[in-house]
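Student: Next up is a structure, given as structure tokens.
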Amino acid sequence: MASCAGTPSRENIESLYALKQKLTTLKHAAGPLQETTGKLYGGRVPEICAGTQDYFRDVYDHLLRINQSIENLRDMVTTAISVNLSLITIQENETTKRLAAYAALVAVPTMIAGVYGMNFEHMPELKWQFGYPLSISVMVGLDLFLFWRFRKAGWL
């Protein structure tokens with residue numbers, strides 16, 4: 001599987017799926033053989049096969065073990081595919097959290113600047129000497145607070 005350790009990739013899932021298809025093909029090949037040899041070692045058999053019932057019993061036992069191994073491997077491959085898909089979903093969730101955090105960091109100052117960009121006449125802080133520095137410091141302060149909270153939550 002051609003991927004960095006710990007990072008699920010499309011190649012991993014494709015190779016696991018290809019392995020599952022090969023196991024299914026093998027199961028389709030071995031399944032009917034088990035049924036046929038089961039008939040040959042027990043019950044009525046042709047005269048030609050009369051002395052080989054022990055041999056067919058042995059072959060049947062081997063086919064039984066092979067079919068069980070194939071089923072176990074198919075279950076393990078299915079589990080591996082599910083785990084890989086779950087890991088990819090977790091990575092996508094982490095990326096979504098980061099993007100949401102960065103969007104919030106941009107949205108807060110945009111909202112404050114948007115209110116001041118509406119050109120209302122009766123906003124008391126417009127005529128105030130410290131209105132502009134206060135609005136900039138509120139934007140920076142809110143962004144620093146959000147950055148700190150997102151960092152503490154592990155989103156950034």
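Just so we're on the same page: first chain in the structure tokens is A, next is B, and so on; residues restart at 1 for each chain, and ligands are numbered from 1 in the order they show up.
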I'd like the neighbourhood of Leu99 in chain A as a PyMOL selection string, where a residue qualifies if any of its atoms comes within 10 Å (using only C-alpha atoms), though same-chain residues fewer than 6 positions away should be ignored.
Tutor: chain A and resi 93+105+155-156
Student: Could you write out the selected residues, including all heavy atoms, as a CSV table (one decimal), in the first residue's frame?
Tutor:
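And here is the file that came out, result_36.csv:
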chain,number,residue,atom,x,y,z
A,93,ASN,N,-13.2,16.0,8.7
A,93,ASN,CA,-13.8,16.7,9.8
A,93,ASN,C,-12.8,17.7,10.4
A,93,ASN,O,-13.2,18.8,10.8
A,93,ASN,CB,-14.4,15.8,10.9
A,93,ASN,CG,-15.6,15.1,10.4
A,93,ASN,OD1,-16.3,15.5,9.5
A,93,ASN,ND2,-16.0,14.0,11.1
A,105,LEU,N,-12.7,33.8,12.2
A,105,LEU,CA,-11.7,34.9,12.4
A,105,LEU,C,-11.8,36.0,11.4
A,105,LEU,O,-11.6,37.2,11.7
A,105,LEU,CB,-10.3,34.3,12.3
A,105,LEU,CG,-9.9,33.4,13.5
A,105,LEU,CD1,-8.5,32.8,13.2
A,105,LEU,CD2,-9.9,34.2,14.8
A,155,TRP,N,-8.7,23.5,17.3
A,155,TRP,CA,-9.1,23.7,15.9
A,155,TRP,C,-8.1,24.4,15.0
A,155,TRP,O,-8.1,24.3,13.8
A,155,TRP,CB,-10.4,24.5,15.9
A,155,TRP,CG,-11.6,23.8,16.4
A,155,TRP,CD1,-11.7,22.7,17.2
A,155,TRP,CD2,-13.0,24.0,16.0
A,155,TRP,NE1,-12.9,22.3,17.4
A,155,TRP,CE2,-13.8,23.1,16.6
A,155,TRP,CE3,-13.6,24.9,15.1
A,155,TRP,CZ2,-15.1,23.1,16.5
A,155,TRP,CZ3,-14.9,24.9,15.0
A,155,TRP,CH2,-15.7,24.0,15.7
A,156,LEU,N,-7.1,25.1,15.7
A,156,LEU,CA,-6.1,25.7,14.9
A,156,LEU,C,-4.7,25.2,15.4
A,156,LEU,O,-4.5,24.8,16.5
A,156,LEU,CB,-6.2,27.2,15.1
A,156,LEU,CG,-7.4,27.9,14.5
A,156,LEU,CD1,-7.4,29.4,14.9
A,156,LEU,CD2,-7.4,27.8,13.0
Student: Compile the contact shell of Thr95 in chain A as an mmCIF file with N, CA, C and O atoms, in the first residue's frame: residues with an atom at most 12 Å away, counting only C-alpha atoms, same-chain residues fewer than 5 positions apart removed.
Tutor:
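Once written, out_26.cif looks like this:
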data_model
loop_
_atom_site.group_PDB
_atom_site.id
_atom_site.type_symbol
_atom_site.label_atom_id
_atom_site.label_comp_id
_atom_site.auth_asym_id
_atom_site.auth_seq_id
_atom_site.Cartn_x
_atom_site.Cartn_y
_atom_site.Cartn_z
ATOM 1 N N ILE A 88 -10.477 8.661 6.883
ATOM 2 C CA ILE A 88 -10.611 9.746 5.913
ATOM 3 C C ILE A 88 -11.682 10.728 6.381
ATOM 4 O O ILE A 88 -11.504 11.951 6.301
ATOM 5 N N THR A 89 -12.790 10.216 6.907
ATOM 6 C CA THR A 89 -13.858 11.083 7.413
ATOM 7 C C THR A 89 -13.368 11.925 8.580
ATOM 8 O O THR A 89 -13.679 13.119 8.669
ATOM 9 N N ILE A 90 -12.586 11.335 9.464
ATOM 10 C CA ILE A 90 -12.036 12.081 10.598
ATOM 11 C C ILE A 90 -11.119 13.196 10.104
ATOM 12 O O ILE A 90 -11.170 14.329 10.595
ATOM 13 N N ALA A 100 -13.700 26.369 9.348
ATOM 14 C CA ALA A 100 -14.726 27.110 10.089
ATOM 15 C C ALA A 100 -14.086 28.112 11.046
ATOM 16 O O ALA A 100 -14.570 29.241 11.198
ATOM 17 N N ALA A 101 -12.995 27.717 11.686
ATOM 18 C CA ALA A 101 -12.308 28.631 12.601
ATOM 19 C C ALA A 101 -11.732 29.820 11.851
ATOM 20 O O ALA A 101 -11.887 30.976 12.280
ATOM 21 N N TYR A 102 -11.087 29.562 10.710
ATOM 22 C CA TYR A 102 -10.544 30.680 9.925
ATOM 23 C C TYR A 102 -11.660 31.572 9.395
ATOM 24 O O TYR A 102 -11.515 32.802 9.352
ATOM 25 N N GLY A 154 -8.215 23.127 19.944
ATOM 26 C CA GLY A 154 -7.499 22.265 19.026
ATOM 27 C C GLY A 154 -7.949 22.408 17.565
ATOM 28 O O GLY A 154 -7.665 21.546 16.745
ATOM 29 N N TRP A 155 -8.655 23.472 17.284
ATOM 30 C CA TRP A 155 -9.133 23.683 15.902
ATOM 31 C C TRP A 155 -8.074 24.379 15.045
ATOM 32 O O TRP A 155 -8.136 24.299 13.831
ATOM 33 N N LEU A 156 -7.150 25.053 15.664
ATOM 34 C CA LEU A 156 -6.069 25.731 14.911
ATOM 35 C C LEU A 156 -4.720 25.230 15.393
ATOM 36 O O LEU A 156 -4.522 24.793 16.462
#
Student: Residues near Ile13 in chain A, anyone? I mean within 7 Å using only C-alpha atoms, not counting same-chain ones fewer than 3 positions away, as a ChimeraX atom specification.
Tutor: /A:9-10,16-17,81,84
Student: Mind checking which residues fall within 12 Å of His62 in chain A, counting only C-alpha atoms, ignoring those fewer than 6 positions away in the same chain, and posting them as a ChimeraX atom specification?
Tutor: /A:30-31,33-34,37-38,55-56,68-69
Student: Could you save the residues just selected, with C-alpha atoms, as a short mmCIF file (atom, residue, chain, number, x, y, z; two decimals), in the first residue's frame?
Tutor:
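File produced: again12.cif:
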data_model
loop_
_atom_site.label_atom_id
_atom_site.label_comp_id
_atom_site.auth_asym_id
_atom_site.auth_seq_id
_atom_site.Cartn_x
_atom_site.Cartn_y
_atom_site.Cartn_z
CA ALA A 30 -13.47 -23.06 -4.20
CA GLY A 31 -17.12 -23.11 -3.08
CA LEU A 33 -15.47 -27.82 -5.24
CA GLN A 34 -16.35 -28.25 -1.59
CA THR A 37 -16.08 -33.39 -2.92
CA GLY A 38 -18.62 -33.59 -0.11
CA TYR A 55 -8.85 -39.12 -0.14
CA PHE A 56 -11.98 -37.09 -0.97
CA GLN A 68 -13.25 -20.51 6.06
CA SER A 69 -9.92 -18.72 5.55
#
Student: Please identify which residues in chain A DSSP calls alpha helix (DSSP H) from the backbone, and express them as a ChimeraX atom specification.
Tutor: /A:10-41,53-116,131-153
Student: Those residues with C-alpha atoms, as a tab-separated table (two decimals), in the first residue's frame please?
Tutor:
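Result file result25.tsv:
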chain	number	residue	atom	x	y	z
A	10	ARG	CA	-7.36	6.36	-2.16
A	11	GLU	CA	-4.67	3.85	-3.19
A	12	ASN	CA	-5.14	1.96	0.09
A	13	ILE	CA	-8.86	1.63	-0.39
A	14	GLU	CA	-8.48	0.69	-4.06
A	15	SER	CA	-5.93	-2.02	-3.26
A	16	LEU	CA	-8.10	-3.37	-0.43
A	17	TYR	CA	-11.11	-3.44	-2.73
A	18	ALA	CA	-9.07	-5.23	-5.42
A	19	LEU	CA	-8.00	-7.78	-2.80
A	20	LYS	CA	-11.63	-8.27	-1.79
A	21	GLN	CA	-12.57	-8.88	-5.45
A	22	LYS	CA	-9.79	-11.49	-5.76
A	23	LEU	CA	-10.99	-13.21	-2.61
A	24	THR	CA	-14.54	-13.25	-3.98
A	25	THR	CA	-13.26	-14.84	-7.21
A	26	LEU	CA	-11.38	-17.42	-5.17
A	27	LYS	CA	-14.49	-18.11	-3.10
A	28	HIS	CA	-16.51	-18.67	-6.29
A	29	ALA	CA	-13.85	-21.13	-7.46
A	30	ALA	CA	-13.47	-23.06	-4.20
A	31	GLY	CA	-17.12	-23.11	-3.08
A	32	PRO	CA	-18.47	-25.52	-5.71
A	33	LEU	CA	-15.47	-27.82	-5.24
A	34	GLN	CA	-16.35	-28.25	-1.59
A	35	GLU	CA	-19.89	-29.25	-2.45
A	36	THR	CA	-18.73	-31.75	-5.09
A	37	THR	CA	-16.08	-33.39	-2.92
A	38	GLY	CA	-18.62	-33.59	-0.11
A	39	LYS	CA	-20.77	-35.76	-2.35
A	40	LEU	CA	-17.80	-37.89	-3.40
A	41	TYR	CA	-16.62	-38.87	0.09
A	53	GLN	CA	-13.44	-41.89	-0.23
A	54	ASP	CA	-10.77	-41.20	2.40
A	55	TYR	CA	-8.85	-39.12	-0.14
A	56	PHE	CA	-11.98	-37.09	-0.97
A	57	ARG	CA	-12.69	-36.64	2.76
A	58	ASP	CA	-9.20	-35.15	3.13
A	59	VAL	CA	-9.73	-32.90	0.11
A	60	TYR	CA	-13.10	-31.85	1.53
A	61	ASP	CA	-11.50	-30.92	4.88
A	62	HIS	CA	-8.85	-28.84	3.08
A	63	LEU	CA	-11.49	-27.08	1.01
A	64	LEU	CA	-13.52	-26.40	4.14
A	65	ARG	CA	-10.49	-24.76	5.79
A	66	ILE	CA	-9.72	-22.80	2.62
A	67	ASN	CA	-13.30	-21.50	2.39
A	68	GLN	CA	-13.25	-20.51	6.06
A	69	SER	CA	-9.92	-18.72	5.55
A	70	ILE	CA	-11.31	-16.89	2.53
A	71	GLU	CA	-14.34	-15.76	4.55
A	72	ASN	CA	-12.11	-14.59	7.41
A	73	LEU	CA	-9.88	-12.67	5.02
A	74	ARG	CA	-12.89	-11.08	3.32
A	75	ASP	CA	-14.19	-9.97	6.72
A	76	MET	CA	-10.78	-8.51	7.62
A	77	VAL	CA	-10.55	-6.66	4.29
A	78	THR	CA	-14.07	-5.28	4.76
A	79	THR	CA	-13.10	-4.08	8.22
A	80	ALA	CA	-9.90	-2.51	6.87
A	81	ILE	CA	-11.88	-0.67	4.18
A	82	SER	CA	-14.30	0.61	6.84
A	83	VAL	CA	-11.45	1.75	9.06
A	84	ASN	CA	-9.76	3.55	6.15
A	85	LEU	CA	-12.99	5.32	5.24
A	86	SER	CA	-13.51	6.30	8.88
A	87	LEU	CA	-10.00	7.74	9.07
A	88	ILE	CA	-10.61	9.75	5.91
A	89	THR	CA	-13.86	11.08	7.41
A	90	ILE	CA	-12.04	12.08	10.60
A	91	GLN	CA	-9.39	13.93	8.56
A	92	GLU	CA	-12.09	15.73	6.59
A	93	ASN	CA	-13.81	16.74	9.83
A	94	GLU	CA	-10.54	18.18	11.14
A	95	THR	CA	-10.12	20.17	7.93
A	96	THR	CA	-13.70	21.43	8.16
A	97	LYS	CA	-13.12	22.57	11.75
A	98	ARG	CA	-10.02	24.49	10.71
A	99	LEU	CA	-11.82	26.15	7.82
A	100	ALA	CA	-14.73	27.11	10.09
A	101	ALA	CA	-12.31	28.63	12.60
A	102	TYR	CA	-10.54	30.68	9.92
A	103	ALA	CA	-13.91	31.79	8.54
A	104	ALA	CA	-14.95	32.97	12.01
A	105	LEU	CA	-11.70	34.90	12.37
A	106	VAL	CA	-12.48	36.73	9.14
A	107	ALA	CA	-16.23	37.11	9.73
A	108	VAL	CA	-16.07	39.04	13.03
A	109	PRO	CA	-14.02	42.00	11.77
A	110	THR	CA	-16.01	41.93	8.53
A	111	MET	CA	-19.24	42.28	10.48
A	112	ILE	CA	-17.94	45.18	12.58
A	113	ALA	CA	-16.49	46.94	9.54
A	114	GLY	CA	-19.76	46.31	7.70
A	115	VAL	CA	-21.74	48.15	10.39
A	116	TYR	CA	-19.42	51.14	10.18
A	131	GLY	CA	-13.94	55.89	17.65
A	132	TYR	CA	-11.74	54.51	14.88
A	133	PRO	CA	-8.94	53.19	17.14
A	134	LEU	CA	-11.57	51.68	19.47
A	135	SER	CA	-13.33	49.83	16.63
A	136	ILE	CA	-9.99	48.50	15.30
A	137	SER	CA	-8.94	47.41	18.79
A	138	VAL	CA	-12.33	45.68	19.34
A	139	MET	CA	-11.84	43.81	16.04
A	140	VAL	CA	-8.31	42.78	16.95
A	141	GLY	CA	-9.34	41.89	20.50
A	142	LEU	CA	-12.22	39.71	19.35
A	143	ASP	CA	-10.02	37.99	16.79
A	144	LEU	CA	-7.31	37.36	19.38
A	145	PHE	CA	-9.93	35.95	21.77
A	146	LEU	CA	-11.35	33.70	19.03
A	147	PHE	CA	-7.87	32.62	17.99
A	148	TRP	CA	-7.04	31.74	21.60
A	149	ARG	CA	-10.31	29.76	22.02
A	150	PHE	CA	-9.87	27.90	18.73
A	151	ARG	CA	-6.25	27.12	19.58
A	152	LYS	CA	-7.30	25.90	23.04
A	153	ALA	CA	-10.03	23.71	21.46
